[in-house]
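Trainee: Shown below is the structure under consideration.
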Protein chains: 2
Amino acid sequence: MSLVVTGTIGIDSVETSNGSAEGVIGGSCTYFAAAASLLNPVRMVAVVGDDWPADHQSSLMSFEGIDTSGLEQRAGSSTFRWGGRYHEDMNERDTLFTDLGVLEEAPPSVPASYADSKYIFLANTHPSVQMQMLDQFPDRKLAVADTMNLWMDIALPELHALMKNLDGLVLNDAEAAQLTGVSNLVEAASRICDMGPSFVVIKKGEHGAFLHHPDGVAVLPAMPLDAASVVDPTGCGDSFAGGMMGHLAASDCFDLKTIREALAWGTVAASHTIADFGLAGLQNASQESMQTGFDRFRRITSF
Amino acid sequence: MSLVVTGTIGIDSVETSNGSAEGVIGGSCTYFAAAASLLNPVRMVAVVGDDWPADHQSSLMSFEGIDTSGLEQRAGSSTFRWGGRYHEDMNERDTLFTDLGVLEEAPPSVPASYADSKYIFLANTHPSVQMQMLDQFPDRKLAVADTMNLWMDIALPELHALMKNLDGLVLNDAEAAQLTGVSNLVEAASRICDMGPSFVVIKKGEHGAFLHHPDGVAVLPAMPLDAASVVDPTGCGDSFAGGMMGHLAASDCFDLKTIREALAWGTVAASHTIADFGLAGLQNASQESMQTGFDRFRRITSF
């Protein structure tokens, strides 16, 4: 079933305790699309500047499942750039710089060929832009968004307005606590669903994820990984969402059972992303490695 | 199959963000035995002083599955007492006082009727005492111990000597990192098994548990609980071990599949313990509530 993602594409500079990478491909839309494409074709809506490197474009094109016809390269504009440094505890990071560039301009337009999209993911960006994007998919069956603490600080009314139009919300544990004022995840999840979405997925980084859904809950650990397989967590949350939505679109179903499976596919996608800087981890992934990872994850979590 | 636990019994004073409890029953042996007894009869070896309250003894006796014939009440001695205060984040706590009392004297003796015990759990205490206890169960099929950071600080050679005689070790994530010098849990677990035990279970508190076993690994989240069900985490780790060992003894098996199930039973036992101060949570448990919890936990973690 058709799947579309809207969000950011960027150029990242990242330092972790395992090394650093300068000017690698980044952005919420990018990681989502690369991960989702391993499970279902995915259309992307995003904008870059004329400084967008050709080899980054080639990297994106190397994912056969990504439709880049909604990727606008805007003359005279600069691509979004982000720099960050992770702590030894990779759940913590400092932002070193943010150059919004083209993200401060008008959002990209949605190609007419995308208008019939059924599964919509609004990767992290300003909730007003997310709302504007959502309105362009009138035939949608499922709309899910990611968000972040920044929008709770500076655009909370817009975020609340967006939430009333969502089927699902994906966010991390600290963000769920900030949004609800409740630190207990089970209760925070329930309160978020009172704000609009039918279901919410709370990401806990290396500690897994929690789902609140009208038909029940689900809880999953993260994939246990040795130190050599934990290189750069940038984009793991977006890859998780990509694996999740890719499975829902491929199944054309979003009942509780299917969302539980989807969380596992998201976990497997994120375990590929974290293995290298930028998109390199997902470029080394395949349908086969995803299936192998899924089977292993099911085996080590079953009892 | 026969199961025995050696360890401490104490009188605890606990403060959490949900309230406080003065002089409640505590100790590693206590929580282990109460949890295990819901799945398999359990023999306890421990010592208290003549200040041991009759109603605490009644509390222990109220667990039908606990054999207290190895519980020595020593005249002229004082029961071990511990006081602690938990932070808002219940993974953190401060010890307010520790009165070792009878724990500084000779360890309790093992009743002759216990000598044929097959499943042995050495709950947390000095590794030399654990070793001395272990030697008294020559017919053992499975020997598992818990330990803590204190013994790594002051009795590391004794702990290493003990480990060479263990089939399994249970400890928390910070302790695993301290023992191995490795913060990655997957690698820390592997290194611990190089020190002696066939398998190791690393407890991560509210984030679940990880098993390293010669036939494979397992990873489980903790039980998701609302705020009203999270009252006092004291004894959760011991209850987890009790549920785990209770299932292994009841199954008379400790292959990978059975240990994976056992981790889930441990999780369910701990979810009862945390619901109230002292033993009150486990006193409200039953075989039925354990089975209901296990079935729910399997349902919400399956995909």
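Each chain of the structure tokens is named A, B, ... in the order shown, its residues numbered from 1; ligands are numbered from 1 in display order.
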Please, which residues in chain B fall within 8 Å of chain A when counting only C-alpha atoms, and what is the closest atom pair and distance in Å to one decimal for each, ordered by chain then residue number, as JSON lines?

Mentor:
{"residue": "B:Asn184", "atom": "CA", "partner": "A:Ala227", "partner_atom": "CA", "distance": 5.9}
{"residue": "B:Leu185", "atom": "CA", "partner": "A:Asp226", "partner_atom": "CA", "distance": 7.6}
{"residue": "B:Val186", "atom": "CA", "partner": "A:Asp226", "partner_atom": "CA", "distance": 5.5}
{"residue": "B:Glu187", "atom": "CA", "partner": "A:Asp226", "partner_atom": "CA", "distance": 6.0}
{"residue": "B:His207", "atom": "CA", "partner": "A:His207", "partner_atom": "CA", "distance": 5.9}
{"residue": "B:Gly208", "atom": "CA", "partner": "A:Pro221", "partner_atom": "CA", "distance": 7.7}
{"residue": "B:Gly216", "atom": "CA", "partner": "A:Ile300", "partner_atom": "CA", "distance": 7.8}
{"residue": "B:Val217", "atom": "CA", "partner": "A:Ile300", "partner_atom": "CA", "distance": 6.0}
{"residue": "B:Ala218", "atom": "CA", "partner": "A:Ile300", "partner_atom": "CA", "distance": 4.4}
{"residue": "B:Val219", "atom": "CA", "partner": "A:Thr301", "partner_atom": "CA", "distance": 5.5}
{"residue": "B:Leu220", "atom": "CA", "partner": "A:Thr301", "partner_atom": "CA", "distance": 6.0}
{"residue": "B:Pro221", "atom": "CA", "partner": "A:Pro221", "partner_atom": "CA", "distance": 5.1}
{"residue": "B:Pro224", "atom": "CA", "partner": "A:Val186", "partner_atom": "CA", "distance": 6.6}
{"residue": "B:Leu225", "atom": "CA", "partner": "A:Val186", "partner_atom": "CA", "distance": 6.4}
{"residue": "B:Asp226", "atom": "CA", "partner": "A:Val186", "partner_atom": "CA", "distance": 5.5}
{"residue": "B:Ala227", "atom": "CA", "partner": "A:Asn184", "partner_atom": "CA", "distance": 5.9}
{"residue": "B:Lys257", "atom": "CA", "partner": "A:Phe303", "partner_atom": "CA", "distance": 6.9}
{"residue": "B:Arg260", "atom": "CA", "partner": "A:Phe303", "partner_atom": "CA", "distance": 5.4}
{"residue": "B:Glu261", "atom": "CA", "partner": "A:Phe303", "partner_atom": "CA", "distance": 5.0}
{"residue": "B:Ala264", "atom": "CA", "partner": "A:Phe303", "partner_atom": "CA", "distance": 7.4}
{"residue": "B:Arg298", "atom": "CA", "partner": "A:Phe303", "partner_atom": "CA", "distance": 7.2}
{"residue": "B:Ile300", "atom": "CA", "partner": "A:Ala218", "partner_atom": "CA", "distance": 4.4}
{"residue": "B:Thr301", "atom": "CA", "partner": "A:Val219", "partner_atom": "CA", "distance": 5.4}
{"residue": "B:Ser302", "atom": "CA", "partner": "A:Ser302", "partner_atom": "CA", "distance": 6.7}
{"residue": "B:Phe303", "atom": "CA", "partner": "A:Glu261", "partner_atom": "CA", "distance": 5.0}

Trainee: Next, the residues of the selection above should be written as a PDB file, in the first residue's frame with C-alpha atoms.

Mentor:
ATOM      1  CA  ASN B 184      28.258  -2.793  27.005  1.00  0.00           C
ATOM      2  CA  LEU B 185      25.931  -5.371  28.577  1.00  0.00           C
ATOM      3  CA  VAL B 186      26.264  -7.981  25.852  1.00  0.00           C
ATOM      4  CA  GLU B 187      30.026  -7.990  26.242  1.00  0.00           C
ATOM      5  CA  HIS B 207      14.216  -1.705  31.813  1.00  0.00           C
ATOM      6  CA  GLY B 208      14.026  -5.489  32.090  1.00  0.00           C
ATOM      7  CA  GLY B 216      21.815 -18.182  23.118  1.00  0.00           C
ATOM      8  CA  VAL B 217      20.656 -14.922  24.628  1.00  0.00           C
ATOM      9  CA  ALA B 218      17.330 -13.556  25.804  1.00  0.00           C
ATOM     10  CA  VAL B 219      16.129 -10.034  26.434  1.00  0.00           C
ATOM     11  CA  LEU B 220      12.949  -9.010  28.225  1.00  0.00           C
ATOM     12  CA  PRO B 221      11.437  -5.661  29.146  1.00  0.00           C
ATOM     13  CA  PRO B 224       4.791  -1.835  32.344  1.00  0.00           C
ATOM     14  CA  LEU B 225       3.084  -0.527  35.483  1.00  0.00           C
ATOM     15  CA  ASP B 226       1.080   2.583  36.251  1.00  0.00           C
ATOM     16  CA  ALA B 227       2.263   4.915  39.004  1.00  0.00           C
ATOM     17  CA  LYS B 257      13.895 -22.298  26.783  1.00  0.00           C
ATOM     18  CA  ARG B 260      13.639 -17.719  29.209  1.00  0.00           C
ATOM     19  CA  GLU B 261      10.277 -18.646  30.732  1.00  0.00           C
ATOM     20  CA  ALA B 264       9.245 -13.944  32.690  1.00  0.00           C
ATOM     21  CA  ARG B 298       3.519 -12.989  27.293  1.00  0.00           C
ATOM     22  CA  ILE B 300       2.051  -7.790  25.575  1.00  0.00           C
ATOM     23  CA  THR B 301       5.593  -8.846  24.622  1.00  0.00           C
ATOM     24  CA  SER B 302       4.692 -11.224  21.782  1.00  0.00           C
ATOM     25  CA  PHE B 303       4.670 -10.309  18.118  1.00  0.00           C
TER      26      PHE B 303
END

Trainee: Applying 10 Å and only C-alpha atoms, which residues near Ser109 of chain B remain after dropping the ones on its own chain fewer than 3 positions away? List them as an NGL selection string.

Mentor: :B and (45-47 or 70-72 or 106 or 112 or 133 or 136)

Trainee: Among segment 65-228 of chain B, which ones does DSSP place in strand (DSSP E or B), written as JSON, numbers by chain?

Mentor: {"B": [66, 67, 71, 72, 73, 74, 80, 81, 82, 83, 84, 85, 86, 93, 94, 95, 96, 97, 98, 99, 119, 120, 121, 122, 142, 143, 144, 145, 146, 168, 169, 170, 171, 172, 199, 200, 201, 202, 203, 209, 210, 211, 212, 213, 216, 217, 218, 219, 220]}

Trainee: Excluding Phe63 of chain A and any residue of its chain fewer than 4 positions from it, enumerate the residues within 12 Å of it, using only C-alpha atoms, and give them as a list in words.

Mentor: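 So, after excluding close chain neighbours, the residues are Thr30, Tyr31, Phe32, Ala33, Ala34, Ala35, Ala36, Ser37, Leu38, Leu39, Asn40, Pro41, Val42, Arg43, His56, Gln57, Ser58, Ser59, Asp67, Thr68, Leu279, Ala280, Leu282, Gln283, Asn284, Ala285, Ser286 and Gln287 of chain A.
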
Trainee: Give me a file of those residues, with N, CA and C atoms, as an mmCIF file, in the first residue's frame.

Mentor:
data_model
loop_
_atom_site.group_PDB
_atom_site.id
_atom_site.type_symbol
_atom_site.label_atom_id
_atom_site.label_comp_id
_atom_site.auth_asym_id
_atom_site.auth_seq_id
_atom_site.Cartn_x
_atom_site.Cartn_y
_atom_site.Cartn_z
ATOM 1 N N THR A 30 15.061 11.203 5.632
ATOM 2 C CA THR A 30 16.069 10.337 5.029
ATOM 3 C C THR A 30 16.119 8.976 5.704
ATOM 4 N N TYR A 31 16.305 8.998 7.015
ATOM 5 C CA TYR A 31 16.412 7.737 7.748
ATOM 6 C C TYR A 31 15.101 6.953 7.682
ATOM 7 N N PHE A 32 13.997 7.687 7.809
ATOM 8 C CA PHE A 32 12.708 7.006 7.724
ATOM 9 C C PHE A 32 12.579 6.287 6.384
ATOM 10 N N ALA A 33 12.837 7.029 5.309
ATOM 11 C CA ALA A 33 12.620 6.478 3.970
ATOM 12 C C ALA A 33 13.537 5.289 3.695
ATOM 13 N N ALA A 34 14.804 5.420 4.108
ATOM 14 C CA ALA A 34 15.754 4.331 3.850
ATOM 15 C C ALA A 34 15.305 3.053 4.563
ATOM 16 N N ALA A 35 14.855 3.206 5.812
ATOM 17 C CA ALA A 35 14.416 2.030 6.570
ATOM 18 C C ALA A 35 13.121 1.462 6.004
ATOM 19 N N ALA A 36 12.145 2.339 5.770
ATOM 20 C CA ALA A 36 10.844 1.870 5.278
ATOM 21 C C ALA A 36 10.980 1.170 3.935
ATOM 22 N N SER A 37 11.905 1.669 3.104
ATOM 23 C CA SER A 37 12.028 1.139 1.738
ATOM 24 C C SER A 37 12.447 -0.324 1.717
ATOM 25 N N LEU A 38 12.986 -0.800 2.810
ATOM 26 C CA LEU A 38 13.365 -2.217 2.876
ATOM 27 C C LEU A 38 12.138 -3.113 3.022
ATOM 28 N N LEU A 39 10.988 -2.509 3.315
ATOM 29 C CA LEU A 39 9.762 -3.280 3.550
ATOM 30 C C LEU A 39 8.630 -2.922 2.599
ATOM 31 N N ASN A 40 8.623 -1.674 2.103
ATOM 32 C CA ASN A 40 7.527 -1.203 1.258
ATOM 33 C C ASN A 40 8.026 0.007 0.466
ATOM 34 N N PRO A 41 7.600 0.191 -0.771
ATOM 35 C CA PRO A 41 7.996 1.407 -1.484
ATOM 36 C C PRO A 41 7.562 2.643 -0.699
ATOM 37 N N VAL A 42 8.381 3.705 -0.760
ATOM 38 C CA VAL A 42 8.080 4.905 0.030
ATOM 39 C C VAL A 42 8.362 6.155 -0.801
ATOM 40 N N ARG A 43 7.417 7.072 -0.740
ATOM 41 C CA ARG A 43 7.536 8.358 -1.423
ATOM 42 C C ARG A 43 8.046 9.386 -0.421
ATOM 43 N N HIS A 56 25.360 12.350 -2.135
ATOM 44 C CA HIS A 56 24.271 12.115 -1.186
ATOM 45 C C HIS A 56 22.998 11.745 -1.956
ATOM 46 N N GLN A 57 22.792 12.419 -3.070
ATOM 47 C CA GLN A 57 21.636 12.076 -3.902
ATOM 48 C C GLN A 57 21.766 10.624 -4.395
ATOM 49 N N SER A 58 22.972 10.249 -4.782
ATOM 50 C CA SER A 58 23.203 8.862 -5.225
ATOM 51 C C SER A 58 22.925 7.874 -4.101
ATOM 52 N N SER A 59 23.311 8.245 -2.887
ATOM 53 C CA SER A 59 23.046 7.364 -1.743
ATOM 54 C C SER A 59 21.554 7.105 -1.593
ATOM 55 N N ASP A 67 11.015 6.603 -3.708
ATOM 56 C CA ASP A 67 10.587 7.476 -4.806
ATOM 57 C C ASP A 67 11.004 8.900 -4.440
ATOM 58 N N THR A 68 11.976 9.438 -5.165
ATOM 59 C CA THR A 68 12.506 10.767 -4.826
ATOM 60 C C THR A 68 11.883 11.878 -5.677
ATOM 61 N N LEU A 279 23.889 6.936 6.548
ATOM 62 C CA LEU A 279 23.042 5.879 5.991
ATOM 63 C C LEU A 279 23.796 4.575 5.769
ATOM 64 N N ALA A 280 25.081 4.549 6.117
ATOM 65 C CA ALA A 280 25.904 3.377 5.772
ATOM 66 C C ALA A 280 25.335 2.085 6.350
ATOM 67 N N LEU A 282 22.179 1.318 6.984
ATOM 68 C CA LEU A 282 21.004 0.880 6.226
ATOM 69 C C LEU A 282 21.377 0.492 4.796
ATOM 70 N N GLN A 283 22.458 1.082 4.282
ATOM 71 C CA GLN A 283 22.905 0.675 2.935
ATOM 72 C C GLN A 283 23.430 -0.759 2.950
ATOM 73 N N ASN A 284 23.928 -1.176 4.099
ATOM 74 C CA ASN A 284 24.374 -2.566 4.232
ATOM 75 C C ASN A 284 23.224 -3.521 4.534
ATOM 76 N N ALA A 285 22.034 -2.970 4.765
ATOM 77 C CA ALA A 285 20.873 -3.822 5.057
ATOM 78 C C ALA A 285 20.241 -4.317 3.761
ATOM 79 N N SER A 286 19.420 -5.329 3.893
ATOM 80 C CA SER A 286 18.707 -5.898 2.749
ATOM 81 C C SER A 286 17.423 -6.514 3.287
ATOM 82 N N GLN A 287 16.541 -6.899 2.409
ATOM 83 C CA GLN A 287 15.340 -7.600 2.869
ATOM 84 C C GLN A 287 15.738 -8.844 3.653
#

Trainee: Would you give me, as an NGL selection string, the residues in segment 15-259 of chain B that DSSP reads as helix (DSSP H, G or I)?

Mentor: :B and (28-36 or 54-61 or 101-104 or 112-114 or 127-134 or 149-154 or 156-163 or 173-180 or 185-194 or 205-207 or 227-229 or 236-251 or 256-259)

Trainee: Tell me, as a list in words, which residues lie within 10 Å of Asn124 of chain A, counting only C-alpha atoms; anything in the same chain fewer than 5 positions away does not count.

Mentor: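 The residues that qualify are Thr6, Gly7, Thr8, Gly27, Ser28, Cys29, Val129, Gln130, Ala145, Asp146, Thr147, Met148, Trp151, Val170, Leu171 and Asp238 of chain A.
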
Trainee: Would you mind telling me which residue in B:Ala21, B:Ile11, B:Val144, B:Ile274 lies nearest to Asp99 of chain B when using only C-alpha atoms?

Mentor: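 Comparing B:Ala21, B:Ile11, B:Val144, B:Ile274 against Asp99 of chain B, the winner is B:Ile11.
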
Trainee: Enter the distance from atom CA of Lys118 of chain A to atom CA of Lys141 of chain A, in Å, rounded to one decimal.

Mentor: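 About the pair atom CA of Lys118 of chain A and atom CA of Lys141 of chain A: they are 5.0 Å apart.
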
Trainee: Measure the distance from atom CA of Ile9 of chain B to atom CA of Phe80 of chain B in Å and round it to one decimal.

Mentor: 6.8 Å

Trainee: At what distance in Å, to one decimal, does atom CA of Val48 of chain B lie from atom CA of Met90 of chain B?

Mentor: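 Rounded to one decimal, the two atoms are 28.2 Å apart.
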
Trainee: Applying 8 Å and only C-alpha atoms, which residues near Thr16 of chain A remain after dropping the ones on its own chain fewer than 3 positions away? List them as a PyMOL selection string.

Mentor: chain A and resi 19-20+85-88+90+231-232

Trainee: Which one of A:Gly181, A:Gly49, A:Gly293, A:Pro233 sits closest to Gly84 of chain A if you count only C-alpha atoms?

Mentor: A:Pro233
